[in-house]
Every structure is written in structure tokens, then in C-alpha cells.
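Chemist: Dropping in target-v6.cif, which is mmCIF, C-alpha atoms:
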```cif
data_final
loop_
_atom_site.label_atom_id
_atom_site.label_comp_id
_atom_site.auth_asym_id
_atom_site.auth_seq_id
_atom_site.Cartn_x
_atom_site.Cartn_y
_atom_site.Cartn_z
CA MET A 1 79.11 14.34 -31.72
CA SER A 2 81.25 12.33 -29.38
CA TYR A 3 79.04 13.10 -26.36
CA LEU A 4 76.09 11.32 -27.91
CA SER A 5 78.20 8.37 -28.98
CA ASP A 6 79.51 8.12 -25.40
CA VAL A 7 75.94 8.06 -24.14
CA ARG A 8 75.00 5.47 -26.71
CA ALA A 9 77.95 3.24 -25.81
CA LEU A 10 77.20 3.45 -22.08
CA ALA A 11 73.50 2.84 -22.53
CA ARG A 12 74.21 -0.08 -24.80
CA LYS A 13 76.42 -1.59 -22.07
CA ASP A 14 73.56 -1.43 -19.55
CA LEU A 15 71.05 -2.88 -21.98
CA LEU A 16 73.35 -5.72 -22.95
CA LEU A 17 74.04 -6.53 -19.30
CA GLU A 18 70.33 -6.73 -18.62
CA LEU A 19 69.68 -8.77 -21.74
CA ARG A 20 72.20 -11.32 -20.57
CA ALA A 21 71.30 -11.36 -16.88
CA ARG A 22 67.55 -11.06 -17.42
CA ASP A 23 66.85 -10.43 -13.76
CA THR A 24 65.64 -6.86 -13.33
CA LEU A 25 62.90 -6.69 -15.92
CA PRO A 26 61.11 -9.96 -15.07
CA ALA A 27 61.27 -8.98 -11.40
CA MET A 28 59.68 -5.61 -12.15
CA LEU A 29 56.91 -7.24 -14.17
CA LEU A 30 56.08 -9.82 -11.52
CA PHE A 31 56.25 -7.17 -8.83
CA VAL A 32 53.80 -4.83 -10.50
CA ILE A 33 51.27 -7.59 -11.07
CA ALA A 34 51.62 -8.78 -7.50
CA VAL A 35 51.01 -5.22 -6.34
CA PHE A 36 47.81 -5.09 -8.40
CA VAL A 37 46.57 -8.21 -6.68
CA VAL A 38 47.43 -6.62 -3.33
CA PHE A 39 45.44 -3.54 -4.35
CA HIS A 40 42.41 -5.63 -5.12
CA PHE A 41 42.40 -6.96 -1.60
CA SER A 42 43.15 -3.61 0.00
CA LEU A 43 40.33 -1.66 -1.61
CA PRO A 44 37.22 -2.40 0.45
CA GLU A 45 33.78 -2.42 -1.12
CA GLY A 46 32.58 1.04 -1.94
CA SER A 47 36.01 2.34 -2.92
CA SER A 48 35.70 4.22 -6.15
CA SER A 49 37.55 3.27 -9.29
CA ARG A 50 39.31 6.60 -8.86
CA ALA A 51 41.06 5.13 -5.83
CA ALA A 52 42.38 2.37 -8.05
CA GLN A 53 43.55 4.92 -10.63
CA GLY A 54 45.51 6.72 -7.98
CA LEU A 55 46.99 3.47 -6.74
CA LEU A 56 48.21 2.64 -10.25
CA TRP A 57 50.69 5.44 -9.85
CA VAL A 58 51.85 4.10 -6.51
CA ALA A 59 52.42 0.71 -8.13
CA ILE A 60 54.48 2.19 -10.94
CA LEU A 61 56.48 4.35 -8.55
CA PHE A 62 57.48 1.38 -6.41
CA THR A 63 58.18 -0.78 -9.43
CA ALA A 64 60.48 1.94 -10.68
CA LEU A 65 62.16 1.98 -7.27
CA LEU A 66 62.77 -1.73 -7.61
CA GLY A 67 64.39 -1.24 -10.98
CA LEU A 68 66.41 1.75 -9.80
CA GLY A 69 67.75 -0.21 -6.87
CA ARG A 70 69.27 -2.63 -9.34
CA ALA A 71 70.55 0.03 -11.71
CA PHE A 72 73.93 0.58 -10.10
CA VAL A 73 74.49 -2.93 -8.84
CA PRO A 74 76.93 -3.92 -11.60
CA GLU A 75 78.95 -0.80 -10.92
CA ARG A 76 79.04 -1.52 -7.23
CA GLU A 77 79.63 -5.28 -7.26
CA GLN A 78 82.29 -5.29 -9.89
CA ARG A 79 83.72 -1.96 -8.82
CA MET A 80 83.17 -0.52 -12.21
CA PHE A 81 82.59 2.97 -10.91
CA ASP A 82 86.28 3.77 -10.98
CA GLY A 83 86.50 2.48 -14.51
CA LEU A 84 83.57 4.59 -15.59
CA VAL A 85 84.99 7.70 -14.04
CA LEU A 86 88.34 7.09 -15.71
CA ALA A 87 86.64 6.88 -19.09
CA PRO A 88 87.37 9.94 -21.23
CA CYS A 89 83.80 11.08 -21.35
CA ASP A 90 81.82 13.85 -19.74
CA ARG A 91 80.56 12.54 -16.36
CA SER A 92 77.02 13.58 -17.10
CA ALA A 93 77.02 11.10 -19.98
CA ILE A 94 77.12 8.34 -17.37
CA TRP A 95 73.96 9.67 -15.78
CA LEU A 96 72.20 10.22 -19.10
CA ALA A 97 73.02 6.75 -20.38
CA LYS A 98 71.90 5.08 -17.17
CA SER A 99 68.66 7.12 -17.14
CA LEU A 100 67.87 6.19 -20.72
CA ALA A 101 68.47 2.50 -20.05
CA THR A 102 66.27 2.60 -16.94
CA LEU A 103 63.65 4.51 -18.92
CA LEU A 104 63.54 1.71 -21.43
CA PHE A 105 63.08 -0.92 -18.70
CA LEU A 106 60.35 1.11 -17.08
CA ALA A 107 58.58 1.62 -20.40
CA VAL A 108 58.65 -2.10 -21.11
CA ALA A 109 57.31 -2.81 -17.63
CA GLU A 110 54.49 -0.34 -18.20
CA LEU A 111 53.65 -1.85 -21.59
CA VAL A 112 52.65 -4.91 -19.62
CA ALA A 113 51.39 -3.23 -16.45
CA LEU A 114 48.95 -0.79 -18.01
CA PRO A 115 46.94 -3.35 -20.01
CA VAL A 116 46.84 -5.61 -16.94
CA PHE A 117 45.58 -2.69 -14.88
CA ALA A 118 42.92 -1.97 -17.50
CA LEU A 119 41.91 -5.60 -17.28
CA PHE A 120 41.73 -5.69 -13.48
CA PHE A 121 40.42 -2.27 -12.56
CA HIS A 122 39.72 0.56 -14.93
CA ARG A 123 40.45 1.56 -18.49
CA VAL A 124 43.54 3.65 -19.08
CA GLY A 125 42.88 6.82 -21.04
CA GLY A 126 45.04 8.87 -23.37
CA ALA A 127 45.76 11.50 -20.73
CA THR A 128 47.04 8.80 -18.39
CA ILE A 129 49.38 7.44 -21.04
CA ALA A 130 50.69 10.93 -21.81
CA ALA A 131 51.18 11.45 -18.09
CA PHE A 132 53.14 8.20 -17.85
CA VAL A 133 55.42 9.22 -20.71
CA LEU A 134 56.24 12.49 -18.96
CA ALA A 135 56.42 11.01 -15.48
CA ASP A 136 58.78 8.23 -16.56
CA ILE A 137 61.30 10.81 -17.73
CA GLY A 138 61.22 12.49 -14.33
CA ILE A 139 61.32 9.22 -12.41
CA CYS A 140 64.31 7.92 -14.34
CA ALA A 141 66.21 11.20 -14.34
CA VAL A 142 65.86 11.82 -10.61
CA GLY A 143 65.91 8.14 -9.66
CA THR A 144 69.16 7.42 -11.47
CA PHE A 145 70.73 10.47 -9.88
CA VAL A 146 69.82 9.59 -6.29
CA GLY A 147 70.61 5.95 -7.06
CA ALA A 148 74.18 6.95 -7.83
CA MET A 149 74.26 8.92 -4.58
CA ALA A 150 72.89 6.01 -2.58
CA VAL A 151 75.38 3.56 -4.03
CA VAL A 152 78.41 5.33 -2.57
CA THR A 153 77.00 5.30 0.96
CA ARG A 154 77.06 2.52 3.52
CA ALA A 155 73.27 2.33 3.67
CA ARG A 156 72.67 1.83 -0.08
CA ASP A 157 69.36 0.01 -0.57
CA LEU A 158 67.97 1.52 2.60
CA LEU A 159 68.72 5.01 1.47
CA LEU A 160 67.41 4.94 -2.10
CA PRO A 161 63.67 5.04 -1.24
CA LEU A 162 64.26 7.74 1.39
CA LEU A 163 66.08 9.93 -1.09
CA PHE A 164 63.75 9.18 -3.98
CA LEU A 165 60.24 9.41 -2.53
CA PRO A 166 60.16 13.07 -1.40
CA LEU A 167 61.45 14.05 -4.83
CA ALA A 168 58.87 11.79 -6.49
CA ILE A 169 55.87 13.28 -4.71
CA PRO A 170 55.39 16.07 -7.30
CA ILE A 171 55.56 13.48 -10.09
CA LEU A 172 52.92 11.42 -8.32
CA ILE A 173 50.67 14.45 -7.91
CA GLY A 174 51.05 15.40 -11.56
CA GLY A 175 50.37 11.87 -12.72
CA VAL A 176 47.36 11.17 -10.52
CA GLY A 177 45.93 14.59 -11.33
CA ALA A 178 46.24 13.99 -15.06
CA SER A 179 44.57 10.60 -14.69
CA VAL A 180 41.56 11.57 -12.63
CA VAL A 181 40.79 15.18 -13.47
CA GLY A 182 38.61 16.18 -16.44
CA ALA A 183 41.04 18.76 -17.79
CA PRO A 184 44.52 17.21 -17.48
CA GLY A 185 46.39 19.97 -19.31
CA ARG A 186 47.61 21.70 -16.17
CA TYR A 187 49.01 18.50 -14.71
CA LEU A 188 50.74 17.46 -17.90
CA GLY A 189 52.25 20.92 -18.12
CA PHE A 190 53.43 20.62 -14.53
CA LEU A 191 55.03 17.23 -15.27
CA ALA A 192 56.85 18.75 -18.24
CA LEU A 193 58.08 21.58 -16.02
CA TYR A 194 59.30 19.13 -13.38
CA ASP A 195 61.12 17.07 -16.02
CA ALA A 196 62.80 20.11 -17.55
CA LEU A 197 63.93 21.54 -14.19
CA PHE A 198 65.20 18.35 -12.65
CA ALA A 199 66.73 16.88 -15.78
CA VAL A 200 68.84 20.01 -16.18
CA LEU A 201 69.74 20.01 -12.49
CA CYS A 202 70.74 16.33 -12.57
CA TRP A 203 72.68 16.74 -15.78
CA ALA A 204 74.60 19.72 -14.43
CA SER A 205 75.43 18.29 -11.02
CA PHE A 206 76.13 14.60 -11.72
CA GLU A 207 79.80 15.39 -12.05
CA TYR A 208 79.96 16.23 -8.33
CA VAL A 209 78.36 12.94 -7.38
CA VAL A 210 81.08 10.80 -8.90
CA THR A 211 84.16 12.92 -8.37
CA GLU A 212 85.81 14.34 -5.29
CA MET B 1 89.36 26.18 9.41
CA SER B 2 87.26 28.98 10.73
CA ARG B 3 85.66 32.22 9.79
CA THR B 4 85.76 35.54 11.61
CA TYR B 5 82.38 37.10 12.13
CA ARG B 6 81.59 40.75 12.58
CA ILE B 7 78.87 40.32 15.23
CA PRO B 8 80.11 38.57 18.38
CA LEU B 9 78.04 35.69 19.66
CA PRO B 10 77.17 37.11 23.11
CA ALA B 11 75.73 40.21 21.45
CA LEU B 12 73.62 38.01 19.20
CA ALA B 13 72.35 36.02 22.15
CA ALA B 14 71.38 39.18 23.99
CA ALA B 15 69.64 40.52 20.90
CA SER B 16 67.70 37.24 20.57
CA LEU B 17 66.58 37.44 24.16
CA VAL B 18 65.38 41.01 23.80
CA LEU B 19 63.63 40.41 20.48
CA VAL B 20 61.87 37.20 21.51
CA THR B 21 60.65 38.77 24.74
CA THR B 22 59.43 41.83 22.85
CA ALA B 23 57.72 39.64 20.28
CA LEU B 24 55.95 37.68 23.01
CA ALA B 25 54.82 40.91 24.60
CA PHE B 26 53.51 42.22 21.30
CA VAL B 27 51.76 38.98 20.42
CA PHE B 28 49.97 38.73 23.73
CA PHE B 29 49.29 42.34 24.62
CA VAL B 30 49.54 44.60 21.59
CA ALA B 31 48.05 42.70 18.66
CA PRO B 32 44.27 42.95 18.35
CA THR B 33 42.16 39.82 18.75
CA ASP B 34 41.07 38.30 15.47
CA ALA B 35 37.39 38.73 14.67
CA ASP B 36 36.51 35.14 13.77
CA GLN B 37 39.25 32.97 15.19
CA GLY B 38 39.70 34.67 18.51
CA PHE B 39 42.68 34.33 20.79
CA SER B 40 44.10 31.20 19.17
CA GLN B 41 44.91 33.11 15.97
CA ARG B 42 47.88 34.68 17.78
CA ILE B 43 49.94 31.55 17.25
CA PHE B 44 50.00 32.55 13.60
CA TYR B 45 52.48 35.32 14.29
CA PHE B 46 54.97 32.67 15.32
CA HIS B 47 53.81 30.05 12.83
CA VAL B 48 54.36 32.30 9.82
CA SER B 49 57.62 33.78 11.18
CA ILE B 50 59.02 30.34 11.88
CA ALA B 51 58.01 29.12 8.41
CA PHE B 52 59.80 32.00 6.72
CA THR B 53 62.83 31.44 8.93
CA ALA B 54 62.89 27.76 7.96
CA TYR B 55 62.84 28.69 4.27
CA ALA B 56 65.64 31.17 4.91
CA ALA B 57 67.66 28.47 6.69
CA PHE B 58 67.21 26.02 3.80
CA GLY B 59 68.17 28.81 1.43
CA LEU B 60 71.31 29.50 3.46
CA GLY B 61 72.14 25.79 3.38
CA ALA B 62 71.78 25.78 -0.39
CA TRP B 63 73.83 28.94 -0.80
CA LYS B 64 76.67 27.48 1.26
CA ALA B 65 76.37 24.27 -0.76
CA LEU B 66 76.81 26.28 -3.93
CA ARG B 67 79.85 28.00 -2.41
CA HIS B 68 81.30 24.59 -1.64
CA LEU B 69 80.79 23.18 -5.12
CA TRP B 70 81.68 26.29 -7.04
CA LYS B 71 84.28 28.17 -5.01
CA ARG B 72 85.63 25.24 -3.00
CA ASP B 73 85.18 27.28 0.17
CA PRO B 74 86.57 25.06 2.98
CA ASN B 75 84.10 26.33 5.59
CA ALA B 76 81.05 26.00 3.41
CA ASP B 77 80.27 22.31 3.92
CA LEU B 78 79.90 22.59 7.68
CA GLU B 79 77.96 25.85 7.38
CA SER B 80 75.61 24.27 4.85
CA TYR B 81 75.00 21.35 7.21
CA VAL B 82 74.30 23.60 10.19
CA GLY B 83 71.99 25.81 8.11
CA ILE B 84 69.96 22.82 7.05
CA HIS B 85 69.94 21.53 10.61
CA GLN B 86 68.40 24.80 11.78
CA GLY B 87 65.94 24.60 8.90
CA VAL B 88 64.78 21.17 10.01
CA ILE B 89 64.41 22.32 13.61
CA PHE B 90 62.32 25.32 12.61
CA GLY B 91 60.44 23.19 10.10
CA ALA B 92 59.47 20.79 12.85
CA LEU B 93 58.26 23.80 14.83
CA VAL B 94 56.12 24.85 11.86
CA LEU B 95 54.48 21.44 11.90
CA LEU B 96 53.98 21.67 15.66
CA THR B 97 52.52 25.19 15.73
CA GLY B 98 50.41 24.45 12.68
CA SER B 99 49.05 21.32 14.29
CA ILE B 100 48.20 23.17 17.51
CA TRP B 101 46.42 25.87 15.54
CA ALA B 102 44.50 23.25 13.52
CA ARG B 103 43.39 21.49 16.69
CA ILE B 104 42.15 24.65 18.32
CA SER B 105 40.51 26.16 15.26
CA TRP B 106 39.15 23.09 13.52
CA GLY B 107 39.27 20.26 16.03
CA HIS B 108 41.76 18.15 14.08
CA TRP B 109 45.43 17.67 14.85
CA TRP B 110 46.22 17.52 11.13
CA LEU B 111 44.68 19.21 8.10
CA TRP B 112 45.58 17.99 4.62
CA SER B 113 43.90 21.10 3.24
CA GLU B 114 46.55 23.39 4.73
CA ASN B 115 49.08 23.80 1.90
CA GLN B 116 51.81 25.20 4.10
CA LEU B 117 51.61 22.25 6.51
CA VAL B 118 51.68 19.67 3.75
CA LEU B 119 54.63 21.40 2.09
CA PHE B 120 56.58 21.36 5.33
CA LEU B 121 55.79 17.69 5.79
CA VAL B 122 57.28 16.91 2.37
CA LEU B 123 60.30 19.13 3.07
CA PHE B 124 60.77 17.52 6.46
CA LEU B 125 60.94 14.12 4.78
CA PHE B 126 63.37 15.44 2.22
CA TYR B 127 65.73 17.09 4.71
CA ALA B 128 65.51 14.25 7.20
CA ALA B 129 66.88 12.09 4.37
CA TYR B 130 69.72 14.64 4.11
CA PHE B 131 70.86 13.58 7.57
CA MET B 132 70.57 9.92 6.70
CA LEU B 133 72.67 10.57 3.63
CA ARG B 134 75.27 12.58 5.53
CA PHE B 135 75.75 10.08 8.31
CA SER B 136 76.02 7.05 6.08
CA ILE B 137 79.14 8.34 4.33
CA ASP B 138 82.51 8.77 5.98
CA PRO B 139 83.60 12.40 6.37
CA GLY B 140 85.54 13.68 3.41
CA PRO B 141 85.26 15.46 0.09
CA GLN B 142 82.79 12.97 -1.36
CA ARG B 143 80.37 13.40 1.53
CA ALA B 144 80.61 17.16 1.25
CA ASN B 145 79.90 17.02 -2.50
CA LEU B 146 76.90 14.70 -2.18
CA CYS B 147 75.36 16.72 0.63
CA ALA B 148 75.89 19.96 -1.26
CA VAL B 149 74.18 18.60 -4.37
CA TYR B 150 71.30 17.29 -2.25
CA ALA B 151 70.90 20.67 -0.56
CA LEU B 152 70.63 22.29 -4.00
CA PHE B 153 67.96 19.79 -5.02
CA GLY B 154 66.09 20.83 -1.89
CA VAL B 155 65.69 24.46 -2.82
CA VAL B 156 64.51 23.52 -6.30
CA LEU B 157 62.04 21.12 -4.70
CA ILE B 158 60.52 23.82 -2.48
CA PRO B 159 58.69 25.80 -5.18
CA VAL B 160 57.99 22.69 -7.27
CA SER B 161 56.38 20.94 -4.31
CA PHE B 162 54.39 24.01 -3.42
CA LEU B 163 52.98 24.17 -6.92
CA ALA B 164 52.30 20.42 -6.89
CA ILE B 165 50.48 20.57 -3.56
CA ARG B 166 48.31 23.43 -4.81
CA LEU B 167 47.48 21.38 -7.90
CA ALA B 168 46.74 18.34 -5.75
CA GLN B 169 44.19 20.21 -3.67
CA ARG B 170 41.95 20.32 -6.72
CA PHE B 171 41.44 16.58 -6.78
CA ILE B 172 41.95 15.77 -3.12
CA HIS B 173 40.19 18.53 -1.23
CA PRO B 174 37.90 20.59 -3.38
CA VAL B 175 36.60 22.32 -0.27
CA VAL B 176 39.09 24.53 1.51
CA PHE B 177 38.61 24.66 5.25
CA THR B 178 40.81 27.53 6.12
CA ARG B 179 40.85 31.22 5.68
CA HIS B 180 43.81 33.43 6.33
CA GLY B 181 44.19 36.92 5.08
CA ALA B 182 42.96 39.19 7.75
CA GLU B 183 43.51 42.81 6.84
CA PHE B 184 47.18 43.30 7.43
CA GLY B 185 47.14 46.76 8.87
CA GLY B 186 48.46 48.66 11.83
CA TRP B 187 49.44 46.71 14.90
CA ILE B 188 49.04 43.35 13.17
CA MET B 189 51.85 44.26 10.78
CA VAL B 190 54.06 45.61 13.56
CA THR B 191 53.56 42.48 15.69
CA TYR B 192 54.31 40.28 12.72
CA LEU B 193 57.48 42.18 11.88
CA VAL B 194 58.72 41.98 15.46
CA SER B 195 58.01 38.22 15.61
CA GLN B 196 59.72 37.71 12.26
CA ALA B 197 62.80 39.64 13.32
CA ALA B 198 62.89 37.69 16.58
CA MET B 199 62.74 34.31 14.83
CA LEU B 200 65.38 35.24 12.27
CA VAL B 201 67.81 36.53 14.89
CA LEU B 202 67.15 33.50 17.09
CA ALA B 203 67.82 31.16 14.19
CA TYR B 204 71.03 32.93 13.29
CA THR B 205 72.17 32.84 16.93
CA LEU B 206 71.52 29.10 17.12
CA TYR B 207 73.33 28.67 13.81
CA ARG B 208 76.40 30.46 15.15
CA VAL B 209 76.28 28.56 18.44
CA GLU B 210 76.13 25.22 16.68
CA LEU B 211 78.89 26.19 14.27
CA SER B 212 81.24 27.27 17.02
CA GLY B 213 80.50 24.08 18.94
CA LYS B 214 81.24 21.89 15.95
CA ARG B 215 84.38 23.77 15.08
CA LEU B 216 85.59 23.38 18.64
CA ASP B 217 84.90 19.64 18.42
CA ALA B 218 86.89 19.40 15.21
CA ARG B 219 89.77 21.35 16.72
CA LEU B 220 89.82 19.06 19.77
CA ARG B 221 89.93 16.00 17.59
CA GLU B 222 92.79 17.46 15.61
CA LEU B 223 94.74 18.17 18.81
CA ARG B 224 94.08 14.69 20.18
CA ARG B 225 95.32 13.17 16.97
CA ALA B 226 98.41 15.38 17.03
CA TYR B 227 99.27 14.31 20.57
CA ALA B 228 98.53 10.61 20.05
#
```
Show me, as C-alpha cells, the structure contained in the file I just sent.

Modeler:
Amino acid sequence: MSYLSDVRALARKDLLLELRARDTLPAMLLFVIAVFVVFHFSLPEGSSSRAAQGLLWVAILFTALLGLGRAFVPEREQRMFDGLVLAPCDRSAIWLAKSLATLLFLAVAELVALPVFALFFHRVGGATIAAFVLADIGICAVGTFVGAMAVVTRARDLLLPLLFLPLAIPILIGGVGASVVGAPGRYLGFLALYDALFAVLCWASFEYVVTE
Amino acid sequence: MSRTYRIPLPALAAASLVLVTTALAFVFFVAPTDADQGFSQRIFYFHVSIAFTAYAAFGLGAWKALRHLWKRDPNADLESYVGIHQGVIFGALVLLTGSIWARISWGHWWLWSENQLVLFLVLFLFYAAYFMLRFSIDPGPQRANLCAVYALFGVVLIPVSFLAIRLAQRFIHPVVFTRHGAEFGGWIMVTYLVSQAAMLVLAYTLYRVELSGKRLDARLRELRRAYA
């Protein structure tokens, strides 16, 4: 199917760019570890380990924001947006490809961040990992979408967190719930629902973000 | 670029005045005093009405956004913006009335255990970002498209956030402080319906006022440009 090969070509472009530039992923890794150190000093004595588990999600959310802020930089700086839009592919393929590439970066960042978290604070259980898999999909889908919106405005980097965070609150709730509650099924189900709803919405409306 | 409306604005304004006055009269004199919360419970007639009106305004904004994206209706972008503007105004009033009620009933200006309040806080953040988005793009088709898409995301977010906040209460506040649900009979229902009608008509009046003001502005700018 040519749609999937379009997506693969676009995603491959983003991955190759990152492989050559090597700036976003190392920054995300350093950032998340720095945030963990900050957490250590901001949790006074007597704070439960549950507080740290909740804060893990905050760390990942802001690390993702960092990565998302960089996601459309090549398009903006080299004015590739026009080129992308002229490409004979379905516009939503642009969004899907970018989301998948960002998802990969986020997953790699978490592969490092979660063991470090387990080392510093509290072990990371199976439910938490499942929650991260589901949450990452939502974060990348919605984040890439609002990232594209932010990039065409004057305010750009200022606007991305403002657009992203209210939409990310349900993901945060689902993730923290799955991590701390005894029966995480409900929260994982909720995360899956969020992903399904918003992925479809993003996929269907991306065309309007890049065209006039 | 304008739309002809069936109900003239002065009639709407008069209707708002009558309804709001009637609602105030009902809330203060007709509705019975609540058994456990006393006099302060009366603010709930407005709090709930305003909340529903805010949802309706956001819904209108999303509907107009859909009309813009789907039917290319030339009026729809401005109407969507004004609808959402009204929604944010009434949403802020929900937060205000809710906070007053919380202070009087429970002694705190804010209650994280009140799902409705927390939901409106999240929505307020979301729709405040709508304005930041709108005013950081130059007017034109791209701005209209982006704002319309964002408005649609908003209405999907409303039920999702509500569900999320309910789920969150299980691990944040296992003890629920509040109790609503008085028996909804007789004069309580009538008072509520009058307040609800009043808020809806008031919101629609403000919507029409703002729309006509903005359209007049646009027309003036056009004329100035033509004469320049």
C-alpha cells in the first residue's frame, strides 16, 4: 500500500536526520536524569515512594515535551513544510510518520530513564511499563499534532507546552493511576480509550493543520 | 459577511433582563432552604446553570468549527471564536461560584475533591490556550483552520477529562467531602429551570452582542481600507 510506504519514507527521513544530528535524544536522556536528581532534592523526608512514582510521570511528560519541541525544527528552519505539503501523499501520513519517529525517541529515552528511576527511587512494575507503552502512543500522537500547530504560529516554543499540557492531563492520570493503584486494569483501559479517540481525531484532522 | 437572525437583539436583551430578574427572585424567595447546607446552597442554582451554559457554549464553538471545516461557512470562524469566548467567561464564573460555595460550606477556597470544579479548571487551561493560539497567528484561512481543529479537540477532551478526573479521585482523594443530590422535586426543579433558562438566554444575548460588535469592527476596517 502506498500510504504505508509514504509513512515509512517520511519516518525514515526523521530518524536519519536525528541519527546524523544526534542532538535531541542525548538532550532528552540528560534532561530526564537531571529531573530525577531534582526530584530527590524536592521530596522532603517523609514523602512516600508513591510520590516519587507519580513524579516519574511528570518527568517523562516534560522529557517528551522537550523532544516534541524539536520535532518540527527541521521543517521550520529549512522551510521544508511547503515541500512536505507538495509531496503527493496523504497529509495525515506526515503526522503519522512524525508521531512514529517521536515515539521511537521517547521509547529509547524511557529504556534508559526507567531503570535509572528504579535505581534511584522505586522499582518499576509490569503495570507501569504497560501504562508507559499506552501513554507514549497518546503523548506522541497528540504532541506531534499540537507541535505542528505551534510551529506555524509566531509564539512557537512558548505555545507548545500550553497546547500540550491540558490534553496530556488525562494521560498523566491514567499513567499514575496504573502505577500506584492495586488494580490497574481500569486505568490501562482508559489509556487505550484515550489513544484510540485522539489518534483517530489527529489522523482525521491533520490535513486542516497544514493546508489552507 | 453577516448572518440574518430571526430574533432581534433588543428583544433578546429584554428577555435576558426579565429572566435573570425572575431567576433571582425565585432563588431568593421561592426555593426552599436546604436541610443541611442552609442558605448558601442557593448559589448552586446559578453554579449548575452556568456550568451547563458553559458546556453549551463550548459545544456551539465546536459545532461552528465543524461548519467551518466541513461546509466552508464564511461566518463560522468568527461565530466559533465568540462561542468559545462566552464559554470561557461562563467557565470562569463556574470556578468563581464554586469557590465561593466551597468556602462557605467547607471553609476552603478550593476543593480538589469537587469533580466539576477540577474539570472546569482543566477546560479553562485548554480554552485559554485557544486564545493564545488564535492571537499568535495572523488572521486568515490558516488561523481559522487551526482554531477550528482545536475547538473540536476541546469537545472531545470534555468527556475524556471528566472520566479521567473521576478515575483520579480514587488515588488522590479516597474520601469525598461533598454531597449533592437533594431530592429534586417541586419548587427546587422550577427554580433550577428558571435559572437555567436565564443563563442560557443571557449567554446567547452576550454572544449576539459580541458578534455584532466584531462584525461592525470588521466592516469599519474594510471601509477605512477602501478609502485609504

Chemist: Need the shell around stretch 43-53 of chain A: protein/DNA/RNA residues with any atom at most 9 Å away, counting only C-alpha atoms. Skip same-chain ones fewer than 5 positions apart. Format as a ChimeraX atom specification?

Modeler: /A:38,117,121-122,124,176,179-180

Chemist: Any idea what's packed within 12 Å of B:Thr21, counting only C-alpha atoms, ignoring anything in its chain fewer than 6 positions away? Could you give it as a ChimeraX atom specification?

Modeler: /B:14-15,27-29,194-195,197-199,202

Chemist: Give me, as JSON, numbers by chain, all polymer residues having an atom no more than 12 Å from B:Thr4, counting all atoms listed in the file and skipping those fewer than 3 positions away in the same chain.

Modeler: {"B": [1, 7, 8, 9, 75, 208, 211, 212]}

Chemist: I'd like the interatomic distance between atom CA of A:Asp14 and atom CA of A:Leu160, to a tenth of an Å.

Modeler: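 Answer for the atom CA of A:Asp14 to atom CA of A:Leu160 separation: 19.6 Å.
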
Chemist: Counting all atoms listed in the file, what is within 10 Å of A:Ile60, bar same-chain residues fewer than 2 positions away, as an NGL selection string?

Modeler: :A and (28 or 31-32 or 35 or 55-58 or 62-66 or 106 or 109-110 or 113-114 or 132 or 136 or 139 or 172)

Chemist: List every residue of stretch 132-154 of chain A that has an atom at most 12 Å from any atom of stretch 152-169 of chain B, giving for each one its closest atom pair and the distance in Å to one decimal, counting all atoms listed in the file, sorted by chain and then by ascending residue number, as a Markdown table.

Modeler:
```
| residue | atom | partner | partner_atom | distance |
| --- | --- | --- | --- | --- |
| A:Val142 | CA | B:Phe153 | CA | 10.0 |
| A:Phe145 | CA | B:Phe153 | CA | 10.9 |
| A:Val146 | CA | B:Phe153 | CA | 10.4 |
```

Chemist: I need the residue set behind the PyMOL selection byres ((chain A) within 8 of (chain B)) for this file; please write it as a ChimeraX atom specification.

Modeler: /A:149-150,152-155,159,162-163,166-167,169-170,173-174,177,180-181,187,190,194,201,205,208-209,211-212

Chemist: Could you put an axis-aligned box around every listed atom of stretch 24-32 of chain A, padded by 6 Å on each side, and send me its centre and edge lengths in Å to one decimal, as JSON?

Modeler:
```
{"center_x": 59.7, "center_y": -7.4, "center_z": -12.4, "size_x": 23.8, "size_y": 17.1, "size_z": 19.1}
```

Chemist: Between atom CA of A:Gly54 and atom CA of A:Gly175, what is the distance, to one decimal in Å?

Modeler: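 Answer for the atom CA of A:Gly54 to atom CA of A:Gly175 separation: 8.5 Å.
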
Chemist: One number please: atom CA of B:Ala23 to atom CA of B:Lys214, in Å, one decimal.

Modeler: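 These two atoms are separated by 29.8 Å.
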
Chemist: Identify all residues satisfying the PyMOL selection byres ((chain A and resi 84) around 12) in the given file; provide them as a PyMOL selection string.

Modeler: chain A and resi 6-7+9-10+13+72+74-76+78-83+85-95+97-98+207+210-211

Chemist: Go through B:Gly61, B:Glu210, B:Ile188, B:Arg3 and flag the residue nearest B:Pro74, using only C-alpha atoms for the distances.

Modeler: B:Arg3

Chemist: Within 6 Å of (45.9, 24.2, 10.5), in the coordinates the file gives, what residues turn up when you count all atoms listed in the file, written out as a ChimeraX atom specification?

Modeler: /B:98-99,101-102,111,114

Chemist: Going by the chain IDs and residue numbers used in this file, which residues fall under the PyMOL selection byres ((chain B and resi 205) around 8)? Write them as a list in words.

Modeler: Leu9, Leu12, Ala13, Ser16, Val201, Leu202, Ala203, Tyr204, Leu206, Tyr207, Arg208 and Val209 of chain B

Chemist: Can you list, as a ChimeraX atom specification, every protein, DNA or RNA residue that comes within 9 Å of A:Leu188 when you count only C-alpha atoms, leaving out same-chain residues fewer than 3 positions away?

Modeler: /A:127,130-131,134-135,174-175,177-178,184-185,191-193

Chemist: Nearest residue to A:Leu68 out of A:Leu119, A:Ala183, A:Leu4, A:Val151, using only C-alpha atoms?

Modeler: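 Between A:Leu119, A:Ala183, A:Leu4, A:Val151, the residue approaching A:Leu68 most closely is A:Val151.
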
Chemist: Please determine, counting only C-alpha atoms, which residue among A:Gly138, A:Val108, A:Pro161, A:Ala148 has the shortest atom-to-atom distance to A:Leu197.

Modeler: A:Gly138
